[in-house]
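> Quick one: the structure is below, and I'll ask about it shortly.
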Amino acid sequence: MKESLSDNSDKSDEGEQMADSVYRVTEIIGISSESWEQAARNAVETAAKSVRDLRVAEVVRQDLAIENGGVKNYRVRLAISFKYEPGE
């Protein structure tokens, strides 16, 4: 599992740095019989039901499940990041 230790987006317009933040990065896999886009959407929407404050999803890998010479499922592996809160 990958860990991200800081986020540069927490700076004000004046250049002053706000409180440092820590984000956790974990991988999830979405599956769809329709498309890679739908597979990614399924993964993010499902994760959002149990993970608070999702920030970014990065496509790590795409692949296909093939059956009888045709595409059965599109699969997308995503690295998602979310704000790490004390006690988690």
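Ligands are numbered from 1 in the order shown, residues from 1 within each chain, and chains are lettered A, B, ... in the order they appear in the structure tokens.
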Skipping near chain neighbours, those fewer than 5 positions away, what residues fall within 12 Å of Arg52 (chain A) using only C-alpha atoms, listed as a compact mmCIF listing (two decimals) with C-alpha atoms, in the first residue's frame?


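Wrote it out as result_27.txt, contents follow:
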# COMPACT_ATOMS: atom_id res chain seq x y z
CA TYR A 23 -3.37 11.42 2.53
CA ARG A 24 -3.67 7.67 2.32
CA VAL A 44 -15.19 5.31 -7.26
CA GLU A 45 -18.92 5.39 -6.49
CA THR A 46 -18.68 2.20 -4.44
CA ALA A 47 -15.60 3.43 -2.51
CA ILE A 80 -7.48 6.41 -4.78
CA SER A 81 -6.39 8.98 -2.23
CA PHE A 82 -8.29 10.28 0.73
CA LYS A 83 -7.46 12.51 3.66
CA TYR A 84 -5.97 10.59 6.56
CA GLU A 85 -7.46 11.52 9.91
CA GLU A 88 -7.66 5.72 11.33

> As a count of residues only, please: every residue in region 25-81 of chain A that a backbone DSSP assignment puts in strand (DSSP E).

34

> What's the 10 Å shell around region 25-39 of chain A, counting only C-alpha atoms, without same-chain residues fewer than 2 positions away, as a PDB file with C-alpha atoms, in the first residue's frame?


ATOM      1  CA  MET A   1       0.000   0.000   0.000  1.00  0.00           C
ATOM      2  CA  LYS A   2       1.335   3.441  -0.886  1.00  0.00           C
ATOM      3  CA  GLU A   3       1.247   6.392   1.488  1.00  0.00           C
ATOM      4  CA  SER A   4       1.333  10.062   0.510  1.00  0.00           C
ATOM      5  CA  LEU A   5       2.795  12.275   3.177  1.00  0.00           C
ATOM      6  CA  VAL A  22      -1.632  13.541   5.122  1.00  0.00           C
ATOM      7  CA  TYR A  23      -3.366  11.419   2.526  1.00  0.00           C
ATOM      8  CA  ARG A  41     -17.040   4.997 -12.153  1.00  0.00           C
ATOM      9  CA  ASN A  42     -18.313   1.845 -10.400  1.00  0.00           C
ATOM     10  CA  ALA A  43     -15.130   1.653  -8.315  1.00  0.00           C
ATOM     11  CA  VAL A  44     -15.192   5.313  -7.261  1.00  0.00           C
ATOM     12  CA  GLU A  45     -18.922   5.388  -6.495  1.00  0.00           C
ATOM     13  CA  THR A  46     -18.679   2.204  -4.435  1.00  0.00           C
ATOM     14  CA  ALA A  47     -15.603   3.426  -2.514  1.00  0.00           C
ATOM     15  CA  LEU A  54     -11.930  11.009  -1.582  1.00  0.00           C
ATOM     16  CA  ARG A  55      -9.580  13.355  -3.441  1.00  0.00           C
ATOM     17  CA  VAL A  56      -8.008  11.723  -6.503  1.00  0.00           C
ATOM     18  CA  ALA A  57      -8.306   8.501  -8.479  1.00  0.00           C
ATOM     19  CA  GLU A  58      -5.440   7.527 -10.769  1.00  0.00           C
ATOM     20  CA  VAL A  59      -5.758   4.719 -13.323  1.00  0.00           C
ATOM     21  CA  VAL A  60      -2.975   2.265 -12.551  1.00  0.00           C
ATOM     22  CA  ARG A  61      -3.918  -0.503 -14.953  1.00  0.00           C
ATOM     23  CA  GLN A  62      -6.648  -1.548 -17.361  1.00  0.00           C
ATOM     24  CA  ASP A  63      -7.327  -5.082 -18.521  1.00  0.00           C
ATOM     25  CA  LEU A  64     -10.047  -7.257 -19.996  1.00  0.00           C
ATOM     26  CA  ALA A  65     -11.610 -10.549 -19.033  1.00  0.00           C
ATOM     27  CA  VAL A  71     -14.797  -9.220 -24.046  1.00  0.00           C
ATOM     28  CA  LYS A  72     -16.604 -10.359 -20.912  1.00  0.00           C
ATOM     29  CA  ASN A  73     -15.577  -7.552 -18.535  1.00  0.00           C
ATOM     30  CA  TYR A  74     -13.527  -4.354 -18.490  1.00  0.00           C
ATOM     31  CA  ARG A  75     -11.419  -4.024 -15.350  1.00  0.00           C
ATOM     32  CA  VAL A  76      -9.712  -0.898 -14.025  1.00  0.00           C
ATOM     33  CA  ARG A  77      -7.289  -0.762 -11.113  1.00  0.00           C
ATOM     34  CA  LEU A  78      -7.356   2.677  -9.464  1.00  0.00           C
ATOM     35  CA  ALA A  79      -5.127   4.251  -6.839  1.00  0.00           C
ATOM     36  CA  ILE A  80      -7.482   6.407  -4.779  1.00  0.00           C
ATOM     37  CA  SER A  81      -6.390   8.980  -2.225  1.00  0.00           C
ATOM     38  CA  PHE A  82      -8.288  10.282   0.735  1.00  0.00           C
ATOM     39  CA  LYS A  83      -7.455  12.508   3.660  1.00  0.00           C
ATOM     40  CA  TYR A  84      -5.965  10.588   6.559  1.00  0.00           C
TER      41      TYR A  84
END

> Could you pull out the residues in region 43-74 of chain A that DSSP calls alpha helix (DSSP H) from the backbone, as a ChimeraX atom specification?

/A:43-48
